[in-house]
>>> print(open('start.txt').read())   # compact mmCIF, C-alpha atoms
# COMPACT_ATOMS: atom_id res chain seq x y z
CA MET I 11 199.76 -45.92 322.29
CA THR I 12 202.03 -46.88 325.21
CA GLU I 13 202.97 -50.34 326.37
CA PRO I 14 199.68 -52.27 326.65
CA LEU I 15 198.14 -53.00 330.03
CA THR I 16 196.23 -55.93 328.57
CA SER I 17 197.32 -58.71 326.26
CA LEU I 18 194.24 -58.71 324.07
CA TYR I 19 193.09 -56.23 321.43
CA SER I 20 189.82 -56.69 319.60
CA PHE I 21 188.99 -55.18 316.21
CA THR I 22 185.58 -54.74 314.61
CA ALA I 23 185.41 -53.37 311.06
CA PHE I 24 182.43 -52.17 309.03
CA ALA I 25 182.07 -50.98 305.45
CA ILE I 26 179.78 -48.15 304.41
CA GLY I 27 178.85 -47.07 300.91
CA GLY I 28 180.87 -44.37 299.24
CA ASP I 29 184.02 -42.62 300.30
CA LEU I 30 184.60 -40.53 303.41
CA ASP I 31 185.74 -36.93 303.16
CA LEU I 32 187.87 -36.97 306.29
CA ASN I 33 188.85 -33.33 306.02
CA ARG I 34 185.21 -32.27 305.82
CA LEU I 35 184.42 -34.52 308.78
CA ALA I 36 187.32 -32.98 310.71
CA VAL I 37 185.83 -29.51 310.21
CA ARG I 38 182.44 -30.71 311.47
CA LEU I 39 184.05 -32.27 314.53
CA GLY I 40 186.12 -29.16 315.25
CA ILE I 41 189.44 -30.88 314.51
CA ASP I 42 192.02 -28.40 313.25
CA ARG I 43 194.19 -30.48 310.93
CA LYS I 44 194.35 -31.81 307.39
CA TYR I 45 194.36 -35.51 306.51
CA ARG I 46 196.25 -36.95 303.59
CA TRP I 47 194.19 -39.16 301.30
CA GLU I 48 195.89 -42.36 302.53
CA GLU I 49 195.83 -41.39 306.22
CA PRO I 50 193.04 -42.69 308.50
CA MET I 51 191.32 -40.53 311.07
CA ARG I 52 191.76 -41.87 314.62
CA LEU I 53 189.16 -40.77 317.16
CA ASN I 54 187.96 -41.51 320.63
CA PRO I 55 184.60 -43.16 319.81
CA VAL I 56 182.95 -41.61 322.87
CA THR I 57 184.11 -38.00 322.67
CA PHE I 58 184.82 -37.79 318.89
CA THR I 59 188.10 -36.05 319.66
CA PRO I 60 191.47 -37.15 318.22
CA SER I 61 192.57 -40.31 320.00
CA ALA I 62 195.19 -40.03 322.72
CA ALA I 63 197.79 -42.61 323.73
CA SER I 64 196.00 -43.10 327.04
CA ASP I 65 192.62 -43.91 325.43
CA ALA I 66 191.35 -47.44 326.00
CA VAL I 67 189.12 -47.40 322.93
CA TRP I 68 189.76 -46.04 319.43
CA VAL I 69 187.93 -45.81 316.13
CA TYR I 70 189.69 -45.58 312.76
CA LEU I 71 187.94 -44.04 309.77
CA PHE I 72 189.39 -44.69 306.31
CA TYR I 73 188.72 -42.56 303.25
CA PHE I 74 187.48 -45.58 301.23
CA GLY I 75 184.52 -46.17 303.55
CA GLY I 76 186.02 -48.46 306.20
CA ILE I 77 185.42 -47.98 309.92
CA VAL I 78 187.40 -50.02 312.46
CA PHE I 79 186.71 -50.05 316.20
CA LEU I 80 189.51 -51.02 318.58
CA ASN I 81 188.56 -52.58 321.94
CA CYS I 82 184.99 -51.30 321.64
CA GLY I 83 181.97 -53.19 322.90
CA ASP I 84 178.71 -53.32 320.98
CA ASP I 85 177.22 -50.50 323.07
CA ILE I 86 180.10 -48.12 322.29
CA ILE I 87 180.00 -49.10 318.62
CA ALA I 88 176.26 -48.45 318.41
CA ARG I 89 176.55 -45.05 320.15
CA CYS I 90 179.49 -44.04 317.97
CA ILE I 91 177.70 -44.94 314.74
CA GLU I 92 174.61 -43.02 315.84
CA GLY I 93 176.80 -40.03 316.63
CA LEU I 94 178.57 -40.22 313.27
CA LYS I 95 175.22 -40.24 311.47
CA GLN I 96 174.94 -36.56 312.33
CA HIS I 97 178.03 -35.88 310.22
CA LEU I 98 178.14 -38.62 307.55
CA GLU I 99 175.41 -38.86 304.92
CA GLN I 100 176.47 -42.41 304.03
CA LEU I 101 175.50 -43.64 307.48
CA LYS I 102 172.13 -41.91 307.34
CA GLU I 103 171.34 -43.88 304.19
CA GLN I 104 172.29 -47.22 305.78
CA PRO I 105 170.07 -48.21 308.70
CA GLN I 106 172.19 -51.32 309.23
CA LEU I 107 175.85 -52.01 308.47
CA ARG I 108 175.81 -55.54 307.06
CA PHE I 109 179.46 -55.90 306.14
CA ARG I 110 181.49 -56.71 309.25
CA GLU I 111 184.89 -58.22 310.06
CA ASP I 112 186.18 -59.18 313.54
CA TYR I 113 189.79 -59.80 314.51
CA ARG I 114 191.96 -60.13 317.63
CA LEU I 115 195.56 -59.40 318.53
CA GLU I 116 197.06 -61.23 321.50
CA ILE I 117 200.34 -60.17 323.07
CA THR I 118 201.96 -63.23 324.63
CA PRO I 119 205.60 -62.57 325.64
CA ASP I 120 206.45 -66.26 325.95
CA GLY I 121 204.36 -67.43 323.00
CA GLU I 122 205.28 -68.23 319.43
CA PRO I 123 204.22 -65.72 316.78
CA SER I 124 201.11 -66.88 314.97
CA ILE I 125 198.80 -65.25 312.42
CA THR I 126 195.48 -66.81 311.44
CA ASN I 127 192.26 -65.66 309.82
CA ASP I 128 190.73 -64.50 313.09
CA CYS I 129 193.64 -63.86 315.46
CA ALA I 130 197.29 -62.82 315.55
CA VAL I 131 199.59 -63.76 318.44
CA MET I 132 202.77 -61.72 318.85
CA PRO I 133 205.36 -61.72 321.66
CA VAL I 134 205.92 -57.94 321.72
CA PHE I 135 203.44 -55.11 321.31
CA LYS I 136 204.17 -52.57 318.57
CA GLN I 137 201.95 -49.74 317.44
CA GLU I 138 202.30 -50.63 313.78
CA LEU I 139 200.59 -53.97 314.44
CA LEU I 140 197.38 -52.13 315.27
CA GLU I 141 197.70 -49.91 312.23
CA ILE I 142 198.30 -52.82 309.87
CA ILE I 143 195.41 -54.93 311.20
CA CYS I 144 193.02 -51.97 310.95
CA PHE I 145 194.26 -51.26 307.43
CA VAL I 146 193.78 -54.84 306.23
CA ILE I 147 190.38 -55.61 307.75
CA ALA I 148 189.02 -52.22 306.65
CA LYS I 149 189.94 -53.08 303.07
CA SER I 150 188.58 -56.59 303.50
CA VAL I 151 185.07 -55.41 304.43
CA ALA I 152 185.18 -52.75 301.69
CA LEU I 153 185.97 -55.48 299.17
CA GLU I 154 183.17 -57.64 300.59
CA ARG I 155 180.69 -54.85 299.89
CA ILE I 156 181.91 -54.54 296.30
CA GLU I 157 181.90 -58.32 295.82
CA GLU I 158 178.24 -58.53 296.77
CA HIS I 159 177.31 -55.74 294.38
CA VAL I 160 179.31 -57.31 291.55
CA ASP I 161 177.57 -60.65 292.09
CA ALA I 162 174.16 -58.91 292.06
CA VAL I 163 174.99 -57.27 288.72
CA PHE I 164 176.23 -60.61 287.38
CA ASP I 165 172.86 -62.15 288.26
CA GLU I 166 171.05 -59.30 286.51
CA VAL I 167 173.20 -59.67 283.40
CA GLY I 168 172.63 -63.44 283.49
CA VAL I 169 168.88 -62.86 283.23
CA MET I 170 169.46 -60.48 280.31
CA ILE I 171 171.63 -63.08 278.55
CA ASN I 172 168.94 -65.75 279.01
CA ARG I 173 166.34 -63.43 277.50
CA LEU I 174 168.71 -62.72 274.62
CA GLY I 175 168.98 -66.47 274.06
CA GLN I 176 165.20 -66.52 273.66
CA GLY I 177 165.41 -63.82 271.00
CA VAL I 178 164.31 -60.99 273.29
CA LEU I 179 166.42 -57.84 273.26
CA GLU I 180 164.75 -55.02 275.16
CA LEU I 181 167.59 -52.85 276.42
CA PRO I 182 167.01 -49.11 276.29
CA ASP I 183 170.11 -46.94 275.99
CA LYS I 184 169.41 -45.50 279.43
CA ARG I 185 169.57 -48.93 281.02
CA LEU I 186 172.74 -49.83 279.15
CA ALA I 187 174.36 -46.55 280.23
CA LYS I 188 173.38 -47.21 283.85
CA LEU I 189 174.81 -50.74 283.71
CA ALA I 190 178.08 -49.48 282.24
CA SER I 191 178.24 -46.79 284.93
CA VAL I 192 177.81 -49.38 287.70
CA VAL I 193 180.54 -51.60 286.26
CA LEU I 194 182.96 -48.70 285.85
CA GLY I 195 182.15 -47.75 289.43
CA PHE I 196 183.32 -51.19 290.57
CA LYS I 197 186.61 -50.75 288.76
CA TYR I 198 187.14 -47.24 290.09
CA THR I 199 186.27 -48.15 293.67
CA SER I 200 188.42 -51.29 293.82
CA ILE I 201 191.39 -50.04 291.82
CA ALA I 202 191.66 -46.27 292.18
CA HIS I 203 189.77 -45.79 295.42
CA ILE I 204 190.41 -48.65 297.82
CA MET I 205 193.92 -49.05 296.42
CA VAL I 206 194.12 -52.69 297.46
CA LEU I 207 197.67 -53.07 296.24
CA ASP I 208 198.99 -50.16 298.33
CA LYS I 209 200.79 -50.86 301.61
CA PRO I 210 200.43 -48.99 304.90
CA GLU I 211 203.05 -46.33 305.53
CA SER I 212 204.51 -48.20 308.51
CA THR I 213 205.76 -50.99 306.20
CA TRP I 214 207.90 -48.79 303.96
CA ASP I 215 211.03 -48.80 306.11
CA ASN I 216 210.25 -51.65 308.50
CA ASP I 217 210.93 -55.16 307.22
CA GLU I 218 209.22 -56.83 310.18
CA ALA I 219 206.08 -54.74 309.72
CA ASP I 220 206.18 -55.46 306.00
CA ARG I 221 206.32 -59.22 306.59
CA PHE I 222 203.42 -58.97 309.06
CA TYR I 223 201.39 -57.00 306.54
CA LEU I 224 202.11 -59.42 303.69
CA THR I 225 201.15 -62.39 305.87
CA ILE I 226 197.85 -60.99 307.09
CA SER I 227 196.89 -59.51 303.72
CA ASN I 228 197.50 -62.93 302.14
CA LEU I 229 195.28 -64.55 304.75
CA PHE I 230 192.48 -62.14 303.88
CA GLU I 231 193.24 -62.73 300.17
CA LEU I 232 193.18 -59.02 299.35
CA ARG I 233 195.07 -59.35 296.08
CA PRO I 234 193.15 -62.40 294.70
CA ARG I 235 189.83 -60.80 295.63
CA TYR I 236 190.89 -57.58 293.93
CA GLN I 237 191.90 -59.53 290.82
CA GLU I 238 188.55 -61.35 290.85
CA ILE I 239 186.61 -58.08 291.04
CA LYS I 240 188.76 -56.65 288.26
CA HIS I 241 188.18 -59.73 286.08
CA LYS I 242 184.42 -59.70 286.68
CA ALA I 243 184.22 -55.97 285.98
CA GLU I 244 186.07 -56.45 282.69
CA THR I 245 183.74 -59.34 281.79
CA LEU I 246 180.69 -57.21 282.57
CA LEU I 247 182.07 -54.41 280.42
CA ASP I 248 182.55 -56.85 277.54
CA VAL I 249 178.96 -58.05 277.93
CA THR I 250 177.74 -54.46 278.08
CA ASP I 251 179.62 -53.71 274.85
CA VAL I 252 177.91 -56.69 273.17
CA PHE I 253 174.47 -55.55 274.34
CA SER I 254 175.24 -52.01 273.18
CA SER I 255 176.34 -53.25 269.75
CA LEU I 256 173.20 -55.37 269.40
CA SER I 257 171.03 -52.47 270.46
CA HIS I 258 172.67 -50.17 267.95
CA ALA I 259 172.35 -52.82 265.24
CA ARG I 260 168.65 -53.21 266.02
CA ARG I 261 168.17 -49.44 265.87
CA SER I 262 170.06 -49.26 262.57
CA ALA I 263 167.92 -52.05 261.13
CA ARG I 264 164.74 -50.22 262.15
CA LEU I 265 166.05 -47.02 260.60
CA GLU I 266 166.86 -48.84 257.36
CA TRP I 267 163.33 -50.29 257.20
CA ILE I 268 161.85 -46.86 257.81
CA ILE I 269 163.94 -45.44 254.96
CA ILE I 270 162.90 -48.32 252.66
CA ILE I 271 159.24 -47.80 253.53
CA LEU I 272 159.50 -44.05 252.88
CA ILE I 273 161.20 -44.62 249.53
CA ALA I 274 158.54 -47.17 248.57
CA PHE I 275 155.84 -44.71 249.60
CA GLU I 276 157.43 -41.97 247.48
CA ILE I 277 157.57 -44.31 244.49
CA ILE I 278 153.94 -45.32 244.93
CA MET I 279 152.88 -41.68 245.21
CA ALA I 280 154.87 -40.78 242.09
CA LEU I 281 153.26 -43.64 240.13
CA TRP I 282 149.84 -42.63 241.40
CA GLN I 283 150.38 -39.06 240.24
CA LYS I 284 151.65 -40.22 236.86
CA PHE I 285 148.90 -42.69 235.98
CA TRP I 286 145.90 -41.63 238.02
CA GLY I 287 146.56 -38.12 239.11
CA GLY I 288 145.04 -36.60 235.98
>>> encode(input="start.txt", output="structure tokens")
Amino acid sequence: MTEPLTSLYSFTAFAIGGDLDLNRLAVRLGIDRKYRWEEPMRLNPVTFTPSAASDAVWVYLFYFGGIVFLNCGDDIIARCIEGLKQHLEQLKEQPQLRFREDYRLEITPDGEPSITNDCAVMPVFKQELLEIICFVIAKSVALERIEEHVDAVFDEVGVMINRLGQGVLELPDKRLAKLASVVLGFKYTSIAHIMVLDKPESTWDNDEADRFYLTISNLFELRPRYQEIKHKAETLLDVTDVFSSLSHARRSARLEWIIIILIAFEIIMALWQKFWGG
């Protein structure tokens, strides 16, 4: 993007469920190129063609399920999402995108640099600023989606623990396997998929960009939130292991009683045959 004509850039990020196969989407949109796993797709949100430097509006699509609109009003965002529903199954399954993050970048040549939770003020425009902001807020909304799901599972497990405290243990293996699968999914999505601890490519050889990234990522608490999800996922796995052990112990106890009853029955039948069987 060339030197900005305006001093204000607005960002709106959404999170959708699941990952985005950007190369598959590129084929559907008629884009003849391959995307690396860490590289976002940048499109014109109106034409769905690769964004050009002269475009006033952009949309970034990240492989981990983040979508960031740059300088797009609500009408353009709505039309773009409706258009993407024709190509992305994840959007068809979500009538409303609940996880949203808004941010602004102001270019003020005579102003002091400032970075807050909702706005960054910089004296000079640089392309990497846009890339870094999109990268951070896309991960932020993706983490928000995972955080809500983790809390929902925690509530469900809390109910199960309360029932266990009352002496009730009714956990079929299928339910335990599903719970373990959900928890492992949290760990995979937050650690291996979203890659919270990875930095954008523009920060590798640019100290100024790296400082900007570290500042804004700290403001959005990406690392602490990642650590919290990781800790909760590990706690849920521990609880699942306990439930699984109790379930197996209960099954073993039932099996032992069945064996005892069968042995007793065999003994009774043998005695019956010996004394009364004739």
>>> closest_atom_pairs(input="start.txt", of="range 88-125 of chain I", to="range 147-150 of chain I", cutoff="12 Å", atoms="all atoms listed in the file", output="CSV")
residue,atom,partner,partner_atom,distance
I:Phe109,CA,I:Ser150,CA,9.5
I:Arg110,CA,I:Ile147,CA,9.1
I:Glu111,CA,I:Ile147,CA,6.5
I:Asp112,CA,I:Ile147,CA,8.0
I:Tyr113,CA,I:Ile147,CA,8.0
I:Arg114,CA,I:Ile147,CA,11.0
>>> write_last_selection(input="start.txt", atoms="C-alpha atoms", output="compact mmCIF listing (two decimals), keeping the file's coordinate frame")
# COMPACT_ATOMS: atom_id res chain seq x y z
CA PHE I 109 179.46 -55.90 306.14
CA ARG I 110 181.49 -56.71 309.25
CA GLU I 111 184.89 -58.22 310.06
CA ASP I 112 186.18 -59.18 313.54
CA TYR I 113 189.79 -59.80 314.51
CA ARG I 114 191.96 -60.13 317.63
>>> atom_distance(input="start.txt", atom1="CA of Asp29 in chain I", atom2="CA of Leu98 in chain I")
10.2 Å
>>> atom_distance(input="start.txt", atom1="CA of Arg233 in chain I", atom2="CA of Asp248 in chain I")
22.5 Å
>>> closest_residue(input="start.txt", among="I:Asp120, I:Phe21, I:Leu246, I:Arg43", to="Met170 in chain I", atoms="only C-alpha atoms")
I:Leu246
>>> residues_near_point(input="start.txt", point="(188.2, -53.5, 310.1)", cutoff="12 Å", atoms="only C-alpha atoms", output="number ranges by chain")
I: 20-26, 50, 69-72, 74-81, 109-114, 128, 140-154, 230
>>> atom_distance(input="start.txt", atom1="CA of Leu115 in chain I", atom2="CA of Val131 in chain I")
5.9 Å
>>> residues_around(input="start.txt", residues="Asn228 in chain I", least_positions_apart="3", cutoff="12 Å", atoms="only C-alpha atoms", output="NGL selection string")
:I and (125-127 or 146-147 or 150 or 206-207 or 221-225 or 231-236)
>>> residues_around(input="start.txt", residues="Trp47 in chain I", least_positions_apart="6", cutoff="10 Å", atoms="only C-alpha atoms", output="PyMOL selection string")
chain I and resi 30-33+72-74+203
>>> residues_near_point(input="start.txt", point="(183.8, -37.5, 318.8)", cutoff="9 Å", atoms="all atoms listed in the file", output="PDB file with C-alpha atoms, in the frame of the given file")
ATOM      1  CA  LEU I  39     184.050 -32.270 314.530  1.00  0.00           C
ATOM      2  CA  LEU I  53     189.160 -40.770 317.160  1.00  0.00           C
ATOM      3  CA  ASN I  54     187.960 -41.510 320.630  1.00  0.00           C
ATOM      4  CA  PRO I  55     184.600 -43.160 319.810  1.00  0.00           C
ATOM      5  CA  VAL I  56     182.950 -41.610 322.870  1.00  0.00           C
ATOM      6  CA  THR I  57     184.110 -38.000 322.670  1.00  0.00           C
ATOM      7  CA  PHE I  58     184.820 -37.790 318.890  1.00  0.00           C
ATOM      8  CA  THR I  59     188.100 -36.050 319.660  1.00  0.00           C
ATOM      9  CA  PRO I  60     191.470 -37.150 318.220  1.00  0.00           C
ATOM     10  CA  CYS I  90     179.490 -44.040 317.970  1.00  0.00           C
ATOM     11  CA  GLY I  93     176.800 -40.030 316.630  1.00  0.00           C
ATOM     12  CA  LEU I  94     178.570 -40.220 313.270  1.00  0.00           C
TER      13      LEU I  94
END
>>> residues_around(input="start.txt", residues="Pro133 in chain I", least_positions_apart="3", cutoff="9 Å", atoms="only C-alpha atoms", output="PyMOL selection string")
chain I and resi 116-123
